[in-house]
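Novice: First the structure, then my questions, so here it is.
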Amino acid sequence: MGRTIIADEKIQTYAEKLQKEGTWFLGLIIGKLTNQKDYAIHMVRTPEPVEDAASDDDDTEVLEQSEASSRKRRKSQTKPPSLEEMNEQWASTHAKQVTMMLPGGLNVIGIFALAPETMMLKSQAKLRQILFAIQKQDKKSQVPEMSNSFTDRILLQICSTTRKYTCKTIDVQDPKSTFRPADWKFQTLSERWNCLETNISLTVPVHIPEKSNTSSLTKQIQTGLQPFCKQLWTSLVQIDGSLRDKTELLDQSSDKKVKGKDKTQKTQQIFMCNILTPPSEPCSLSAPVIETCSTSLTMRGTIHGRAYVTSKSTVEEAQQTLQRDVIRSVLSRSELLCDDLQMIEEDTEKLEVYTTPRRVFFKLPGTSIQLSDYMFTDEKPIEVKGRVQELLDICIDEEDLDLTTERPPTEEDCARLQDEEHTENGVPENSSESNKGLTYYLIAGVGGAFAMVLAGISYMMAEES
Amino acid sequence: MATSIVVHQKIADLLLSGDDKAKFLLGYLSNDEINVVACSVLPDLKKSEVTIKQIRCLLPGGVDIVGIAACGSNCLNYEAYWGYIGDSSAYLNLVKVDGKMNIQDAMSVDKERTIKDLTLKITSDILLSKCLLARIKCTVPLCFTIDTGGKTVNHLQSEINRLIEDLISERTMFHLVSTNVLLGTTTCNGVTETARCDTLTSLCDNDEYNSKSKKKMQETLKCVKFDVYTDLSMNNSNENCSSCSPVINYSTETTKLVKFNLPIDTVAIFPDGSVVADMAEVMCDSLKRQLKAMEGNIIKYNKDDKFYVPVPHHFQPLQLSTLYTVLQPYTITEDELETERKELHQLLCLPVDRPLFRSGNQYRFPDDDYNSGYLVNVHQYCPKSKVSDGTQYLVQGLYTYHHYMQDRFDDNKWGCAYRSLQTLASWFKLQSYVTRDVPSHKEIQQTLVDIGDKDPKFVGSKKWIGSMEVSFVLDSLYGVTSKILNVSSGADLSSKGRDLAAHFTNQGTPIMIGGGVLAHTILGIDYNEVTGDINFLILDPHYTGAEDLKTIIDKGWCGWKDSSFWDKNAHYNLCMPQRPIVI
């Protein structure tokens, strides 16, 4: 039996809106795969390529820096005339950017294509390619897989002439797999999404060995963060103050309600979680290693993690979902920042303090779920609004942004953390020495330039409109 | 406030039989009793800070220096030491009467130097069985700069201090393995704060552990295992973390670093009746002790760019009611550490004639799997001997039971002396005198050929060996010499009580006895010097069955036998291995 996907009715409204535009579309399906049914809660077209005024890079340079600047727009690129000429990199980059904005528990679970019948027929191979490209991109994120992860991805084809929906799934883990038919149903989503939240303060030292200088800085830092990610992945998660058996249902209230046949009272529950990490992942006895490091950095601060699970979720699933969210959030922040560092690496001095972007939340309309974005200290809510519009095709008001979940660092924070770094290095150094070569990158220059290229969107467009 | 002092018999013996020098008493406070479970040398006052640190590094959490024992002196003479010890310390006053030491009286000294009498109790109970043993394990990464300017040690020290601050805060949570119990210094989860610590054992009893044997369970120690976690969601009062979204400190200086994964493995002891809420603090203390000990160990063995990982090993020398945790630098061999072991024996007032801190002497935790397939010390399950008012003189330490048909090798009817030899060999191996495994029949035969005792055809044959051959093999393979005792007839054996008692007291090794066509192992005697009545504790190698303790005990394959066990007319030779004097 194929998969059954329950899609929110507002997706149908969205599809109908796109149909009216009279052109073909490719886009992403956001939701959750479970072993019973799959939930599609949002659908978004891949944004139109636009001129990127902020980037002076020519094409070849962009290609060279493919990893770091994948989010950058290619200047000369425009939307191809037909779906089959679509660049799969384009779609996978979009998927990556969207994934960064999703809380734990939600994923890009597939793609949709809206096109006339003949174009659709010619594009079958391309669509398959895109699904695999998204999977490949996702694997690079180094976020560990859930123990009950699903490797099926959805392809929803909407014929722009007949308005017919055809839904199929494919196992993207297996390169030889073929499409299997699936059942796509629209209905008002009555599923209750329970929410898990956590705030964790972290101190993560990363030492980058000299010999690894060949790979990109982003990659080095992501690799350097891996031990911490493994600690998070092997962490204990306390739910509302206690450890619980992995196999029990997270939401104990749902049982009773089914018995009482009281399905109306489906209010969202919020579980506050504590994350407890081991000092290190378990490892066997080995001799000490001596390494020459060219770069060391320490990430310090407090982050907010959030995950959504269905009412049937077990404790283990809920815990892993939250752990993945935190891991993804740590990696995303460092990646967003790294793209900056790379741009200014040439003129760096010995010691610097950078601020990573903070996580801000906004509601996915018509649901109880909140999505998020990362906002640099020097950015304004309108820039977030622009990205949300561009990448998720959701129109939010600036006032709807929840900017309070995380506190942006102030200059005092940076100064204090800088001092700690120094006392920590043990041997007390005299202060004149320790302040030498210290620069704060708090202000517009860095973040501003970054915002321009972030996610390849143009907030200027938003301003114009 | 303590009102009495409980001194274990073994410690009393150590205190009274050794030199006249004053000693530190090591132990713990349980309710109003000071329990003394070990002792150490009392260092010179000027060295005392270093030595006390050294002693504490060896002790489990919960155990500390609790007092001083001294001979012919006044407790106020030791005034200068009280500052190093806890709030209330004990003083044991020893006196020498007619060349024999005695404990005259005991008293306590508090902060205000008020002296109070303590009720003295000497006990031979296993005090450790009245405690819960918590074993705390985790791997802690350590990374510090190697400084060419000679500041490496400072870097290490400040990094260790940072780890201690980090790891020992209210954010630290001890997770009782395989349960939902978390213990922190400010909170307890999954168990009520006022619960007694021994209730924890029932929480983590897994079926596998229980089903083995209920009887076994009662004899083993109450031991629980903990993992260490840091609650990242808790506010850290150390304020190492900021409450703002993350900031990255970025430095491009080139530095040489050394990275360790410290294998933390430490224990803490909780007397019955202590409450769960107090456990985390003691466990934090043992973590701290071990990290400090590791710091010292790394410095001690570091040469230029060569570093060694300190590996903790736990020991229970002389079955004292405490464990000692000793760090050994990973990859440095045991032979190279002999001086260190000797110092340790001396520091802890332990005999310097036998190995007590070799890796083979390590304490066996009840839940660790050391199963070699052989039964260990089966005699402890035997019913009592029938000698009235006798004194038991028994094998000291551990041995394994070797008998016919083991190792998938059919030696029925000819291999009994080989098997007895294997039991003797196992004793030397288990007491860490040797590292060589117990020899097989073929190895035994080859050894006898190699030394010229037998011709080459002997290897692979089914020929018997006797007590002399057993002693040759022990000598050749293990460097162990043996005394051979000739007994003209089985009836004569009962007159050898005194010799055998002396052997078990001074040597404590199992004895191989051969006579007629049979070989046996003697593990001890129960002897009444007045009546001359004697029973022998026999381990019979002729058993051909499986490793089933019940059958072995019920059918008497190991048990007390009276003199009629021996063949009245046969001539007997006893091979009595002598312990080499090594550390």
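To be explicit about the labels: the chains of the structure tokens are called A, B, and onward in the order shown, and within each one the residues are counted from 1, while ligands get numbers from 1 in the order they are shown.
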Mind running segment 116-203 of chain A against segment 25-49 of chain A at 10 Å and telling me each contacting residue's nearest atom pair with the distance in Å (one decimal), counting only C-alpha atoms, chain and number ascending, as a tab-separated table?
Specialist:
residue	atom	partner	partner_atom	distance
A:Leu127	CA	A:Leu26	CA	9.2
A:Leu131	CA	A:Leu28	CA	10.0
A:Asn148	CA	A:Asn35	CA	8.6
A:Ser149	CA	A:Leu33	CA	8.4
A:Phe150	CA	A:Leu33	CA	6.7
A:Thr151	CA	A:Leu33	CA	9.2
A:Asp152	CA	A:Leu33	CA	8.5
A:Arg153	CA	A:Leu33	CA	8.9
A:Ile154	CA	A:Ile29	CA	7.9
A:Leu155	CA	A:Ile29	CA	8.7
A:Leu156	CA	A:Ile29	CA	8.6
A:Gln157	CA	A:Leu26	CA	9.5
A:Ile158	CA	A:Phe25	CA	9.5
A:Ser160	CA	A:Phe25	CA	9.6
A:Asp183	CA	A:Asp38	CA	10.0
A:Trp184	CA	A:Ala40	CA	9.4
A:Lys185	CA	A:Ala40	CA	9.6
A:Phe186	CA	A:Ala40	CA	9.2
A:Leu189	CA	A:Ile41	CA	8.1
A:Glu191	CA	A:Tyr39	CA	8.8
Novice: Mind running chain B against chain A at 7 Å and telling me each contacting residue's nearest atom pair with the distance in Å (one decimal), counting only C-alpha atoms, chain and number ascending, as JSON lines?
Specialist:
{"residue": "B:Thr139", "atom": "CA", "partner": "A:Ser280", "partner_atom": "CA", "distance": 5.8}
{"residue": "B:Val140", "atom": "CA", "partner": "A:Pro279", "partner_atom": "CA", "distance": 5.4}
{"residue": "B:Pro141", "atom": "CA", "partner": "A:Ser280", "partner_atom": "CA", "distance": 6.5}
{"residue": "B:Asn154", "atom": "CA", "partner": "A:Val427", "partner_atom": "CA", "distance": 6.4}
{"residue": "B:His155", "atom": "CA", "partner": "A:Gly426", "partner_atom": "CA", "distance": 5.5}
{"residue": "B:Ser158", "atom": "CA", "partner": "A:Gly426", "partner_atom": "CA", "distance": 5.0}
{"residue": "B:Asn180", "atom": "CA", "partner": "A:Leu243", "partner_atom": "CA", "distance": 5.2}
{"residue": "B:Asn189", "atom": "CA", "partner": "A:Ser242", "partner_atom": "CA", "distance": 6.2}
{"residue": "B:Gly190", "atom": "CA", "partner": "A:Ser242", "partner_atom": "CA", "distance": 6.8}
{"residue": "B:Val228", "atom": "CA", "partner": "A:Pro278", "partner_atom": "CA", "distance": 6.0}
{"residue": "B:Tyr229", "atom": "CA", "partner": "A:Pro278", "partner_atom": "CA", "distance": 4.4}
{"residue": "B:Thr230", "atom": "CA", "partner": "A:Leu276", "partner_atom": "CA", "distance": 5.0}
{"residue": "B:Asp231", "atom": "CA", "partner": "A:Leu276", "partner_atom": "CA", "distance": 4.2}
{"residue": "B:Leu232", "atom": "CA", "partner": "A:Ile200", "partner_atom": "CA", "distance": 4.9}
{"residue": "B:Ser233", "atom": "CA", "partner": "A:Ile200", "partner_atom": "CA", "distance": 4.3}
{"residue": "B:Cys241", "atom": "CA", "partner": "A:Gly301", "partner_atom": "CA", "distance": 5.5}
{"residue": "B:Ser242", "atom": "CA", "partner": "A:Gly301", "partner_atom": "CA", "distance": 4.7}
{"residue": "B:Ser243", "atom": "CA", "partner": "A:Thr302", "partner_atom": "CA", "distance": 5.1}
{"residue": "B:Cys244", "atom": "CA", "partner": "A:Arg407", "partner_atom": "CA", "distance": 4.8}
{"residue": "B:Ser245", "atom": "CA", "partner": "A:Thr302", "partner_atom": "CA", "distance": 5.0}
{"residue": "B:Pro246", "atom": "CA", "partner": "A:Gly301", "partner_atom": "CA", "distance": 3.8}
{"residue": "B:Val247", "atom": "CA", "partner": "A:Thr355", "partner_atom": "CA", "distance": 4.4}
{"residue": "B:Ile248", "atom": "CA", "partner": "A:Met299", "partner_atom": "CA", "distance": 4.5}
{"residue": "B:Asn249", "atom": "CA", "partner": "A:Val353", "partner_atom": "CA", "distance": 4.6}
{"residue": "B:Tyr250", "atom": "CA", "partner": "A:Leu297", "partner_atom": "CA", "distance": 4.4}
{"residue": "B:Ser251", "atom": "CA", "partner": "A:Leu351", "partner_atom": "CA", "distance": 4.5}
{"residue": "B:Thr252", "atom": "CA", "partner": "A:Thr295", "partner_atom": "CA", "distance": 4.3}
{"residue": "B:Glu253", "atom": "CA", "partner": "A:Ser294", "partner_atom": "CA", "distance": 5.8}
{"residue": "B:Thr254", "atom": "CA", "partner": "A:Ser294", "partner_atom": "CA", "distance": 4.2}
{"residue": "B:Thr255", "atom": "CA", "partner": "A:Cys293", "partner_atom": "CA", "distance": 5.3}
{"residue": "B:Lys256", "atom": "CA", "partner": "A:Thr292", "partner_atom": "CA", "distance": 4.3}
{"residue": "B:Leu257", "atom": "CA", "partner": "A:Glu291", "partner_atom": "CA", "distance": 5.2}
{"residue": "B:Val258", "atom": "CA", "partner": "A:Ile290", "partner_atom": "CA", "distance": 4.3}
{"residue": "B:Lys259", "atom": "CA", "partner": "A:Val289", "partner_atom": "CA", "distance": 5.2}
{"residue": "B:Phe260", "atom": "CA", "partner": "A:Pro288", "partner_atom": "CA", "distance": 4.8}
{"residue": "B:Phe307", "atom": "CA", "partner": "A:Pro288", "partner_atom": "CA", "distance": 6.4}
{"residue": "B:Tyr308", "atom": "CA", "partner": "A:Ala287", "partner_atom": "CA", "distance": 6.5}
{"residue": "B:Val309", "atom": "CA", "partner": "A:Ala287", "partner_atom": "CA", "distance": 6.1}
Novice: Report, in Å to a single decimal, how far apart atom CA of Ala133 of chain A and atom CA of Ser92 of chain A are.
Specialist: 5.9 Å
Novice: Please identify which residues in segment 347-486 of chain B DSSP calls strand (DSSP E or B) from the backbone, and express them as a ChimeraX atom specification.
Specialist: /B:362,376,391-394,400,482-486
Novice: Using only C-alpha atoms, which of A:Pro103, A:Gly386, A:Pro381, A:Gly2 sits nearest Phe179 of chain A?
Specialist: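 Under the stated criterion, the closest residue is A:Gly2.
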Novice: What does the distance between atom CA of Val480 of chain B and atom CA of Ile583 of chain B come to in Å, to one decimal place?
Specialist: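 Computing it gives 14.6 Å between the two atoms.
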Novice: Which residue, B:Ser124, B:Gln104, B:Thr544, B:Thr187, has the smallest gap to His402 of chain B when you use only C-alpha atoms?
Specialist: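 Looking at the shortest contact to His402 of chain B, the residue is B:Thr544.
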Novice: As number ranges by chain, please: the residues near Arg128 of chain A (cut-off 10 Å, only C-alpha atoms, same-chain neighbours under 6 positions excluded).
Specialist: A: 88, 111, 155, 170, 172, 178-179
Novice: With only C-alpha atoms as the basis for distance, which of B:Ala570, B:Leu14, B:Ile525, B:Met107 is at the shortest distance from Gly497 of chain B?
Specialist: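 Looking at the shortest contact to Gly497 of chain B, the residue is B:Ile525.
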Novice: Of the candidates B:Leu59, B:Val517, B:Ile52, B:Ile444, which one gets nearest to Thr266 of chain B if we count only C-alpha atoms?
Specialist: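 That would be B:Leu59, the residue with the smallest distance to Thr266 of chain B.
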Novice: Extract, using only C-alpha atoms, all DNA, RNA and protein residues at most 6 Å from segment 293-300 of chain B, discarding same-chain residues fewer than 3 positions from it, and format them as a PyMOL selection string.
Specialist: chain B and resi 57+290+310
Novice: Could you tell me how far atom CA of Asp240 of chain A sits from atom CA of Cys284 of chain B, in Å to one decimal place?
Specialist: 25.0 Å
